[in-house]
Amino acid sequence: MEHKRSLLKLIDFYLVTDSVLSKKGTLSDVENAVTAGCRIVQYREKSRSTKDMILEASQIKTLCGSEAIFLVNDRVDVALAVDADGVHIGQDDMHISTARNLLGPDKIIGLTVHNVEEALEAERNGADYVGLGPIFDTTTKNDAGDGIGPESIRAVKDAIDVPIVAIGGINKQNCESVIVGGSDSLVAISAVVCSDDVARETKDFIDIIKQFKE
Ligand code: TZP
Ligand code: MG
């Protein structure tokens, strides 16, 4: 687990799965992204049964191996069932301290935040990283709200020490502004999983992020 935690400092491109938008399917997307160098995968599945999720999560865990951190969105029970590396939760999910009690001290917990206040509270409560967004308007998440803009990232970066993962409406054209704006890493869902060549898109994002990272 220490190895996986140490990967947190290295993450650049972060894959979040989306079985509805995916062209080739979640398992194919994970395999291609990890092969292309992605070091963190979040299984985000809103439409399958718990039983199916546990089966798919265990397959994703295998694909991530020791190369990539494997997190489950929202579902602490699914993360525990497959011994994932941790979870990603939102402001309306269970409190981070409840998730920590259930998962123990070694698991990774990421929390979605929208501003400096939520980021400070997340860090205080033991978040290992924060997901900040939506940076731009997006149609991938219905209730995401309006984009906060890449210029909002710097204040969050200055306020906390844990890594920032930017999310929402990010593509290859605007991702430079996100990294130059102060984010450590970023998620692009539709820009990657809607593609015919997830490995190519992942590599392109990693190259751009590396080029502009401080
Ligand atoms: N949380 C905030 S925005 C978002 C999530 C899950 C969706 C991001 O998807 P896309 O396609 O990269 O805009
Ligand atoms: Mg959630």
# chains A, B, ... in the order shown; residues from 1 in each chain; ligands from 1
>>> select_by_dssp(residues="range 45-134 of chain A", states="helix (DSSP H, G or I)", output="count of residues only")
39
>>> residues_around(residues="Ala199 in chain A", least_positions_apart="5", cutoff="8 Å", atoms="only C-alpha atoms", output="NGL selection string")
:A and (29 or 32-33 or 35-36)
>>> closest_atom_pairs(of="chain A", to="ligand 2", cutoff="6 Å", atoms="only C-alpha atoms and all ligand atoms", output="Markdown table")
| residue | atom | partner | partner_atom_place_in_ligand_line | distance |
| --- | --- | --- | --- | --- |
| A:Asp74 | CA | ligand 2 | 1 (Mg) | 4.6 |
| A:Ile89 | CA | ligand 2 | 1 (Mg) | 4.9 |
| A:Gly90 | CA | ligand 2 | 1 (Mg) | 4.3 |
| A:Asp93 | CA | ligand 2 | 1 (Mg) | 5.6 |
>>> write_last_selection(atoms="C-alpha atoms", output="tab-separated table (two decimals), in the first residue's frame")
chain	number	residue	atom	x	y	z
A	74	ASP	CA	-18.99	6.49	-3.96
A	89	ILE	CA	-16.38	10.42	-2.60
A	90	GLY	CA	-18.38	13.63	-3.02
A	93	ASP	CA	-21.69	10.92	0.03
>>> atom_distance(atom1="CA of Lys9 in chain A", atom2="atom 11 (O, counted along the ligand's line) of ligand 1")
23.7 Å
>>> residues_around(residues="Ile11 in chain A", least_positions_apart="2", cutoff="8 Å", atoms="only C-alpha atoms", output="number ranges by chain")
A: 7-9, 13-14, 38-40, 184-185
>>> residues_near_ligand(ligand="ligand 1", cutoff="7 Å", atoms="only C-alpha atoms and all ligand atoms", output="CSV table (one decimal) with N, CA and C atoms, in the first residue's frame")
chain,number,residue,atom,x,y,z
A,133,GLY,N,-13.6,20.8,-9.2
A,133,GLY,CA,-14.3,21.0,-10.4
A,133,GLY,C,-15.8,21.4,-10.2
A,134,PRO,N,-16.6,21.5,-11.3
A,134,PRO,CA,-16.1,21.3,-12.7
A,134,PRO,C,-15.3,22.6,-13.1
A,138,THR,N,-19.8,21.0,-18.3
A,138,THR,CA,-19.7,19.7,-18.9
A,138,THR,C,-21.1,19.1,-18.9
A,139,THR,N,-21.4,18.2,-19.9
A,139,THR,CA,-22.6,17.5,-20.0
A,139,THR,C,-22.5,16.1,-19.5
A,140,THR,N,-21.3,15.7,-19.0
A,140,THR,CA,-21.1,14.3,-18.6
A,140,THR,C,-21.8,14.1,-17.2
A,141,LYS,N,-21.8,15.1,-16.4
A,141,LYS,CA,-22.4,15.0,-15.0
A,141,LYS,C,-23.5,16.0,-15.0
A,144,ALA,N,-23.4,18.8,-12.2
A,144,ALA,CA,-22.1,19.3,-11.8
A,144,ALA,C,-22.0,20.8,-11.6
A,167,ILE,N,-11.2,18.4,-12.7
A,167,ILE,CA,-12.2,17.6,-13.5
A,167,ILE,C,-13.3,18.5,-14.1
A,168,GLY,N,-13.8,18.1,-15.2
A,168,GLY,CA,-15.0,18.8,-15.8
A,168,GLY,C,-14.7,19.5,-17.0
A,169,GLY,N,-15.1,19.0,-18.2
A,169,GLY,CA,-15.0,19.7,-19.5
A,169,GLY,C,-13.6,19.8,-20.0
A,170,ILE,N,-12.7,19.0,-19.5
A,170,ILE,CA,-11.3,19.2,-19.9
A,170,ILE,C,-11.0,18.3,-21.2
A,187,VAL,N,-8.6,14.9,-14.8
A,187,VAL,CA,-9.4,13.9,-15.4
A,187,VAL,C,-10.1,14.4,-16.7
A,188,ALA,N,-10.1,13.6,-17.7
A,188,ALA,CA,-11.0,13.9,-18.9
A,188,ALA,C,-11.8,12.7,-19.1
A,189,ILE,N,-13.1,12.7,-19.0
A,189,ILE,CA,-13.9,11.5,-19.2
A,189,ILE,C,-14.2,11.4,-20.7
A,190,SER,N,-15.1,12.3,-21.1
A,190,SER,CA,-15.6,12.1,-22.5
A,190,SER,C,-14.5,12.3,-23.5
A,191,ALA,N,-13.6,13.1,-23.3
A,191,ALA,CA,-12.5,13.3,-24.2
A,191,ALA,C,-11.6,12.1,-24.4
>>> closest_residue(among="A:Glu117, A:Asp143, A:Asp85, A:Asp196", to="Lys157 in chain A", atoms="only C-alpha atoms")
A:Glu117
>>> atom_distance(atom1="CA of Phe70 in chain A", atom2="CA of Leu27 in chain A")
12.9 Å
>>> residues_around(residues="Met1 in chain A", least_positions_apart="5", cutoff="9 Å", atoms="only C-alpha atoms", output="list in words")
Ser6, Asp85, Asp106 and Lys107 of chain A
>>> write_last_selection(atoms="N, CA and C atoms", output="PDB file, in the first residue's frame")
ATOM      1  N   SER A   6       2.637   6.173  -2.717  1.00  0.00           N
ATOM      2  CA  SER A   6       3.726   6.962  -3.299  1.00  0.00           C
ATOM      3  C   SER A   6       3.397   7.351  -4.750  1.00  0.00           C
ATOM      4  N   ASP A  85      -7.723   0.064  -3.702  1.00  0.00           N
ATOM      5  CA  ASP A  85      -6.768   0.925  -3.006  1.00  0.00           C
ATOM      6  C   ASP A  85      -7.458   2.065  -2.264  1.00  0.00           C
ATOM      7  N   ASP A 106      -4.809   3.032   5.921  1.00  0.00           N
ATOM      8  CA  ASP A 106      -3.918   2.855   4.768  1.00  0.00           C
ATOM      9  C   ASP A 106      -4.557   3.159   3.424  1.00  0.00           C
ATOM     10  N   LYS A 107      -5.879   3.116   3.350  1.00  0.00           N
ATOM     11  CA  LYS A 107      -6.542   3.297   2.046  1.00  0.00           C
ATOM     12  C   LYS A 107      -6.529   4.769   1.633  1.00  0.00           C
TER      13      LYS A 107
END
>>> closest_atom_pairs(of="range 136-182 of chain A", to="range 209-214 of chain A", cutoff="7 Å", atoms="only C-alpha atoms", output="JSON lines")
{"residue": "A:Glu176", "atom": "CA", "partner": "A:Phe212", "partner_atom": "CA", "distance": 6.5}
{"residue": "A:Ile179", "atom": "CA", "partner": "A:Lys213", "partner_atom": "CA", "distance": 6.0}
{"residue": "A:Val180", "atom": "CA", "partner": "A:Phe212", "partner_atom": "CA", "distance": 6.2}
>>> closest_residue(among="A:Ser49, A:Ala155, A:Val162, A:Thr98", to="Ala127 in chain A", atoms="only C-alpha atoms")
A:Val162
>>> residues_around(residues="range 99-104 of chain A", least_positions_apart="2", cutoff="9 Å", atoms="only C-alpha atoms", output="PyMOL selection string")
chain A and resi 76-77+79-80+86-87+89+94-97+106-109+126
>>> write_last_selection(atoms="C-alpha atoms", output="CSV table (one decimal), in the first residue's frame")
chain,number,residue,atom,x,y,z
A,76,VAL,CA,-17.1,2.1,0.1
A,77,ASP,CA,-18.7,-1.3,0.3
A,79,ALA,CA,-14.1,-1.0,-2.5
A,80,LEU,CA,-13.9,-3.1,0.6
A,86,GLY,CA,-9.5,3.4,-1.9
A,87,VAL,CA,-12.5,5.5,-2.8
A,89,ILE,CA,-16.4,10.4,-2.6
A,94,MET,CA,-20.8,9.6,3.5
A,95,HIS,CA,-18.6,11.9,5.6
A,96,ILE,CA,-14.9,11.4,5.0
A,97,SER,CA,-14.4,10.4,8.6
A,106,ASP,CA,-3.9,2.9,4.8
A,107,LYS,CA,-6.5,3.3,2.0
A,108,ILE,CA,-6.6,6.3,-0.2
A,109,ILE,CA,-9.6,8.7,0.0
A,126,GLY,CA,-7.7,13.5,6.0
>>> residues_around(residues="Leu120 in chain A", least_positions_apart="3", cutoff="10 Å", atoms="only C-alpha atoms", output="ChimeraX atom specification")
/A:113,115-117,123-125,127,130,156,159-162
>>> atom_distance(atom1="CA of Val34 in chain A", atom2="CA of Lys4 in chain A")
14.2 Å
>>> select_by_dssp(residues="range 138-213 of chain A", states="strand (DSSP E)", output="mmCIF file with C-alpha atoms, in the first residue's frame")
data_model
loop_
_atom_site.group_PDB
_atom_site.id
_atom_site.type_symbol
_atom_site.label_atom_id
_atom_site.label_comp_id
_atom_site.auth_asym_id
_atom_site.auth_seq_id
_atom_site.Cartn_x
_atom_site.Cartn_y
_atom_site.Cartn_z
ATOM 1 C CA ILE A 164 -5.318 18.516 -6.780
ATOM 2 C CA VAL A 165 -7.052 16.578 -9.538
ATOM 3 C CA ALA A 166 -8.976 18.916 -11.858
ATOM 4 C CA SER A 185 -3.290 16.281 -12.479
ATOM 5 C CA LEU A 186 -6.543 16.061 -14.385
ATOM 6 C CA VAL A 187 -9.443 13.870 -15.386
#
>>> closest_residue(among="A:His114, A:Glu151, A:Asp12, A:Pro105", to="Ile208 in chain A", atoms="only C-alpha atoms")
A:Asp12
>>> residues_around(residues="Gly147 in chain A", least_positions_apart="5", cutoff="6 Å", atoms="only C-alpha atoms", output="ChimeraX atom specification")
/A:134-137
>>> write_last_selection(atoms="N, CA and C atoms", output="compact mmCIF listing (two decimals), in the first residue's frame")
# COMPACT_ATOMS: atom_id res chain seq x y z
N PRO A 134 -16.58 21.48 -11.29
CA PRO A 134 -16.11 21.33 -12.66
C PRO A 134 -15.30 22.57 -13.10
N ILE A 135 -14.18 22.32 -13.76
CA ILE A 135 -13.36 23.44 -14.22
C ILE A 135 -14.07 24.15 -15.37
N PHE A 136 -14.60 23.38 -16.29
CA PHE A 136 -15.38 23.94 -17.41
C PHE A 136 -16.76 23.31 -17.37
N ASP A 137 -17.71 23.91 -18.07
CA ASP A 137 -19.04 23.32 -18.17
C ASP A 137 -18.93 21.93 -18.79
>>> closest_residue(among="A:Met53, A:Leu21, A:Leu111, A:Val82", to="Asp128 in chain A", atoms="only C-alpha atoms")
A:Leu111
>>> decode(residues="range 13-47 of chain A", atoms="C-alpha atoms", output="CSV table (one decimal), in the first residue's frame")
chain,number,residue,atom,x,y,z
A,13,PHE,CA,-3.6,11.8,-16.1
A,14,TYR,CA,-6.4,10.3,-14.0
A,15,LEU,CA,-8.9,7.9,-15.7
A,16,VAL,CA,-12.5,7.9,-14.5
A,17,THR,CA,-14.6,5.2,-16.2
A,18,ASP,CA,-18.0,5.8,-17.8
A,19,SER,CA,-19.8,2.8,-19.2
A,20,VAL,CA,-22.5,4.9,-20.7
A,21,LEU,CA,-20.2,7.2,-22.8
A,22,SER,CA,-17.5,4.5,-23.4
A,23,LYS,CA,-17.1,3.4,-27.0
A,24,LYS,CA,-15.2,0.2,-26.3
A,25,GLY,CA,-16.3,-0.6,-22.8
A,26,THR,CA,-14.9,0.0,-19.3
A,27,LEU,CA,-12.5,-2.9,-19.1
A,28,SER,CA,-11.0,-2.1,-22.5
A,29,ASP,CA,-10.7,1.6,-21.5
A,30,VAL,CA,-8.9,0.7,-18.3
A,31,GLU,CA,-6.5,-1.7,-20.0
A,32,ASN,CA,-5.6,0.8,-22.7
A,33,ALA,CA,-5.2,3.7,-20.3
A,34,VAL,CA,-2.9,1.7,-17.9
A,35,THR,CA,-0.9,0.4,-20.8
A,36,ALA,CA,-0.5,4.0,-22.0
A,37,GLY,CA,0.9,5.0,-18.6
A,38,CYS,CA,-2.1,6.1,-16.6
A,39,ARG,CA,-1.3,5.6,-12.9
A,40,ILE,CA,-4.7,6.1,-11.3
A,41,VAL,CA,-8.2,4.6,-12.2
A,42,GLN,CA,-11.5,5.4,-10.7
A,43,TYR,CA,-14.3,3.0,-11.3
A,44,ARG,CA,-17.4,5.2,-11.5
A,45,GLU,CA,-20.5,3.2,-12.3
A,46,LYS,CA,-24.0,4.5,-11.7
A,47,SER,CA,-26.1,2.0,-13.5
